[in-house]
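Asks: For reference, the structure I am asking about is given below.
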Amino acid sequence: MTSQDHPNNNLRERSSVLVDGPNRAAARSQLYSVGYDDEALSKPLVMVAHNWIGTMPCNFSHRELAQDVMRGIREAGGTPMEVNTVSISDGITMGTEGMKASLISREIITDSIELCAVGYAFDAAVVICGCDKTIPAAAMAMARINIPSVALYSGSIAPGRHHDGRDLTIQDVFEAVGQHSAGTIDDDELHQVALNACPGAGACGAQYTANTMATTLEFLGLSPMGSATVGATDPRKHNVGEAAGQLVMDVLRRGVMPRDILTREAFENGIACAASTGGSTNVVLHLLALAREAGVELSIDDFDEISERTPLIGDLRPGGRYVALDMDRAGGTPLLAKRLLEGGKLHGDAQTVTGQTIAEAAADAQETPGQDVILPVDQALKDTGGLVILKGSLAPDGCVVKVAGYERQLQTGPARVFEREEDAMDAVTHNRINAGDIVVIRYEGPKGGPGMREMLGVTAAIVGAGLGESVALLTDGRFSGATRGLMAGHVAPEAYVGGPIALVEEGDQITLDIANRQLNLDVDEAELARRRANWQPPAPNYANGVFAKYATLVSGAERGAVTS
């Protein structure tokens, strides 16, 4: 039997339009040329999308992992087809103009997966993701195309090892830059930290943005519970990949779509996951964008409300002691879910891609005796989670702060104003920032950058220079998941559209008040009106090309920085 006379099969409802019948002979002919035969084309066609690129460790294992996934699909009766898209490394581009490409890439990756899903009429999809923007892009694409799908995180990098025996992550390298500029370490020590922090493939090795988003996808129900915390180079990852390939065929047979899983309760579970582990502030931006794709009502205020009722029980870097693979050894995401369910902090009946509920998946948790990475709720490190939303005269539409528990709750100080990240970095590394200052970096928002650069270079340099306990920073840009200290990001409205952050002048008094959820500028309204009347938006940084297109289309951070 050839695909041209294959009987109607509901599992092939989409792909049959592409390959079945006499008038599709030309399509079959071209598919024959790249290795598919009639038997392969008579089965459901499954997209295996990934972000392999030879410029970064985060996604470097994707081609290899894709082979495992495709083997599982074949074993379960499908025909896999590999699709590749782009990715941008936040860690490599950090502090440069190239960092503006990172958030923009989230939209391009989402669009690319959608284009291939529609163009090749795939019946189902496994989307392999591995770094800060590819993970939300995978979920956004799944929600948009809404065909039976599984998201699979390729895994965390293993920690590096310092010569004194301590674990190293990329966070240590960025902070070492600040220590070097402060003169507390020499060139050789900086080189040794950089040389040893990243030992192989995998995404940044603690609860930074990649691992925050990967674990959150499990709590959203889009990834199999327990798959995310298995490291990128762990031999078990081959089995995880093969199982994902088999699973997607089961999802196809059950007819479960991503939007069936992405309910309001699922999003609340995802936020609780991030809050309970001290996860990245970027989860706010990405879940707002995903909710829009899924048609679920979600606002920036929901993050504060859910975080306030969710205890911090994951002792993970950057705020805690342990790296991502320690979480895996302790019991992984199933144990985290079990702990939160025991405390009544999750919707246990929320469905997952496996067909189990969150509660059923958590029931299989296996805790390593004596572990103290994931704590019971009654032994929480902090009674509330790590995500705080501030509003006030300087951020009428909100901004995001990550509070791990050790930060000061209140700071008032003079503004040190910078129109771009590089200028602030130069001030920090040349010792021009003083204790008590509040650093303001503006025109780095979604439109103003464009692309809302992360500020890990600056924030880590502040910490490395010994100013982490006395200097605060706020920006209409973003922070890395590795950022720590009193730092407010996503300030909205952004400077480029005339938000109040555009009106701040050097020396103005600014107050960050965590307890009262306020970010305020101590300047009277008459003076602000005078400044506003004289304000003009700067010329755009890009007049054409993808950056200009993005700046024209993108929304504010409070809406997820989505394009429409």
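In the structure tokens, the first chain shown is A, the next is B, and so on; residue numbers restart at 1 for each chain, and ligands run from 1 in the order shown.
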Report as a ChimeraX atom specification: the residues of region 340-529 of chain A with a DSSP assignment of strand (DSSP E), based on the backbone of this structure.
Replies: /A:387-392,395-402,410-418,438-441,472-475,487-492,509-513,518-521
Asks: Please provide as a ChimeraX atom specification all residues within 7 Å of region 466-479 of chain A, with the sequence filter that same-chain residues fewer than 6 positions apart are discarded (counting only C-alpha atoms).
Replies: /A:435-445,452-456,485-492,494
Asks: For region 313-330 of chain A, please output as a ChimeraX atom specification all residues within 6 Å (counting only C-alpha atoms; exclusion window: fewer than 6 positions along the same chain).
Replies: /A:205-207,229,276-277,367-368,371,373-375,380-381,404,482
Asks: I need the residues of region 102-227 of chain A that end up classed as alpha helix (DSSP H) by DSSP on the backbone, written out as a ChimeraX atom specification.
Replies: /A:102-119,134-145,170-181,187-196,209-220
Asks: Can you pull out every residue within 12 Å of Gly385 (chain A), counting only C-alpha atoms, but drop anything in the same chain fewer than 2 positions away, and send it as a VMD selection string?
Replies: chain A and resid 271 to 281 303 to 315 319 340 345 377 380 to 383 387 to 389 401 to 405
Asks: Of the candidates A:Val150, A:Ala350, A:Ala76, A:Leu65, which one gets nearest to Pro235 (chain A) if we count only C-alpha atoms?
Replies: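 When distances to Pro235 (chain A) are compared using only C-alpha atoms, the smallest one comes from A:Leu65.
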Asks: So, counting only C-alpha atoms, which residue among A:Asp38, A:Asp234, A:Glu242, A:Asp513 is closest to Ser61 (chain A)?
Replies: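 So, comparing all the options, the nearest one is A:Asp234.
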Asks: Which residues of region 45-164 of chain A have any atom within 9 Å of an atom in region 545-550 of chain A when counting only C-alpha atoms, and what is the closest pair of atoms for each, with the distance in Å to one decimal? Order the rows by chain and rising number and write it as CSV.
Replies:
residue,atom,partner,partner_atom,distance
A:Lys100,CA,A:Phe547,CA,8.3
A:Ala101,CA,A:Phe547,CA,7.8
A:Ile104,CA,A:Tyr550,CA,7.0
A:Glu107,CA,A:Tyr550,CA,8.9
Asks: Please identify all polymer residues within 7 Å of Gly226 (chain A), counting only C-alpha atoms, omitting same-chain residues fewer than 5 positions from it, and present them as a list of chain:residue names.
Replies: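 Selected residues are A:Gly332, A:Thr333, A:Pro334.
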Asks: Please write the residues from the selection above to a file, keeping N, CA, C and O atoms, as a PDB file, in the first residue's frame.
Replies:
ATOM      1  N   GLY A 332      14.078  15.793  42.248  1.00  0.00           N
ATOM      2  CA  GLY A 332      13.599  16.475  41.054  1.00  0.00           C
ATOM      3  C   GLY A 332      12.242  17.132  41.205  1.00  0.00           C
ATOM      4  O   GLY A 332      11.720  17.338  42.313  1.00  0.00           O
ATOM      5  N   THR A 333      11.662  17.455  40.055  1.00  0.00           N
ATOM      6  CA  THR A 333      10.378  18.150  40.047  1.00  0.00           C
ATOM      7  C   THR A 333       9.244  17.337  40.685  1.00  0.00           C
ATOM      8  O   THR A 333       8.362  17.936  41.298  1.00  0.00           O
ATOM      9  N   PRO A 334       9.222  15.994  40.580  1.00  0.00           N
ATOM     10  CA  PRO A 334       8.147  15.279  41.281  1.00  0.00           C
ATOM     11  C   PRO A 334       8.151  15.542  42.787  1.00  0.00           C
ATOM     12  O   PRO A 334       7.094  15.710  43.400  1.00  0.00           O
TER      13      PRO A 334
END
Asks: Residues near Gly498 (chain A), anyone? I mean within 12 Å using only C-alpha atoms, not counting same-chain ones fewer than 3 positions away, as a list of chain:residue names.
Replies: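 The contact residues come out as A:Leu394, A:Ala395, A:Pro396, A:Arg442, A:Tyr443, A:Gly445, A:Lys447, A:Gly448, A:Asp476, A:Val491, A:Ala492, A:Pro493, A:Glu494, A:Ala495, A:Ile501, A:Ala502, A:Leu503, A:Val504, A:Leu528, A:Ala529, A:Arg531, A:Arg532, A:Ala533, A:Asn534, A:Trp535, A:Gln536, A:Pro537, A:Pro538, A:Gly556.
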Asks: Could you give me, as a ChimeraX atom specification, the residues within 7 Å of Ile510 (chain A), counting only C-alpha atoms and dropping anything in the same chain fewer than 5 positions from it?
Replies: /A:412-415,520-522
Asks: Keeping only all heavy atoms, write the selected residues as a short mmCIF file (atom, residue, chain, number, x, y, z; two decimals), in the first residue's frame.
Replies:
data_model
loop_
_atom_site.label_atom_id
_atom_site.label_comp_id
_atom_site.auth_asym_id
_atom_site.auth_seq_id
_atom_site.Cartn_x
_atom_site.Cartn_y
_atom_site.Cartn_z
N THR A 412 16.10 54.01 49.94
CA THR A 412 15.94 55.31 49.31
C THR A 412 17.33 55.86 49.01
O THR A 412 18.22 55.79 49.86
CB THR A 412 15.19 56.29 50.23
OG1 THR A 412 13.88 55.80 50.48
CG2 THR A 412 15.09 57.67 49.59
N GLY A 413 17.50 56.37 47.82
CA GLY A 413 18.82 56.88 47.47
C GLY A 413 18.78 57.72 46.22
O GLY A 413 17.75 57.82 45.53
N PRO A 414 19.92 58.32 45.88
CA PRO A 414 20.00 59.18 44.70
C PRO A 414 20.09 58.36 43.41
O PRO A 414 20.80 57.36 43.35
CB PRO A 414 21.28 59.97 44.93
CG PRO A 414 22.14 59.05 45.75
CD PRO A 414 21.20 58.30 46.63
N ALA A 415 19.40 58.85 42.40
CA ALA A 415 19.44 58.19 41.09
C ALA A 415 20.76 58.45 40.40
O ALA A 415 21.25 59.57 40.38
CB ALA A 415 18.29 58.69 40.22
N ASN A 520 8.83 54.42 43.83
CA ASN A 520 8.41 55.81 43.71
C ASN A 520 9.57 56.76 43.46
O ASN A 520 10.68 56.55 43.94
CB ASN A 520 7.66 56.26 44.97
CG ASN A 520 6.29 55.61 45.08
OD1 ASN A 520 5.54 55.59 44.11
ND2 ASN A 520 5.96 55.08 46.25
N LEU A 521 9.26 57.81 42.71
CA LEU A 521 10.19 58.89 42.42
C LEU A 521 9.77 60.11 43.24
O LEU A 521 8.63 60.58 43.14
CB LEU A 521 10.15 59.21 40.92
CG LEU A 521 10.99 60.39 40.43
CD1 LEU A 521 12.48 60.09 40.62
CD2 LEU A 521 10.69 60.65 38.95
N ASP A 522 10.68 60.61 44.07
CA ASP A 522 10.36 61.72 44.97
C ASP A 522 10.59 63.06 44.27
O ASP A 522 11.50 63.82 44.59
CB ASP A 522 11.21 61.63 46.24
CG ASP A 522 10.83 62.67 47.28
OD1 ASP A 522 9.72 63.24 47.15
OD2 ASP A 522 11.63 62.92 48.21
#
Asks: Compare A:Gln192, A:Thr169, A:Gln67, A:Ser16 by their minimum atom-to-atom distance to Ala121 (chain A), counting only C-alpha atoms, and give me the closest one.
Replies: A:Ser16
Asks: Counting only C-alpha atoms, which residue out of A:Val83, A:Val127, A:Val417, A:Ala561 sits closest to Arg106 (chain A)?
Replies: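 Residue with the minimum atom-to-atom distance to Arg106 (chain A): A:Ala561.
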Asks: Using CA of Gln246 (chain A) and CA of Thr354 (chain A) as the two end points, give the distance in Å to one decimal.
Replies: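 That distance, rounded to one decimal, is 10.7 Å.
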Asks: With only C-alpha atoms as the atoms that count, which of A:Thr429, A:Thr483, A:Thr511, A:Thr79 lies nearest to Glu39 (chain A)?
Replies: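 Looking at the shortest contact to Glu39 (chain A), the residue is A:Thr79.
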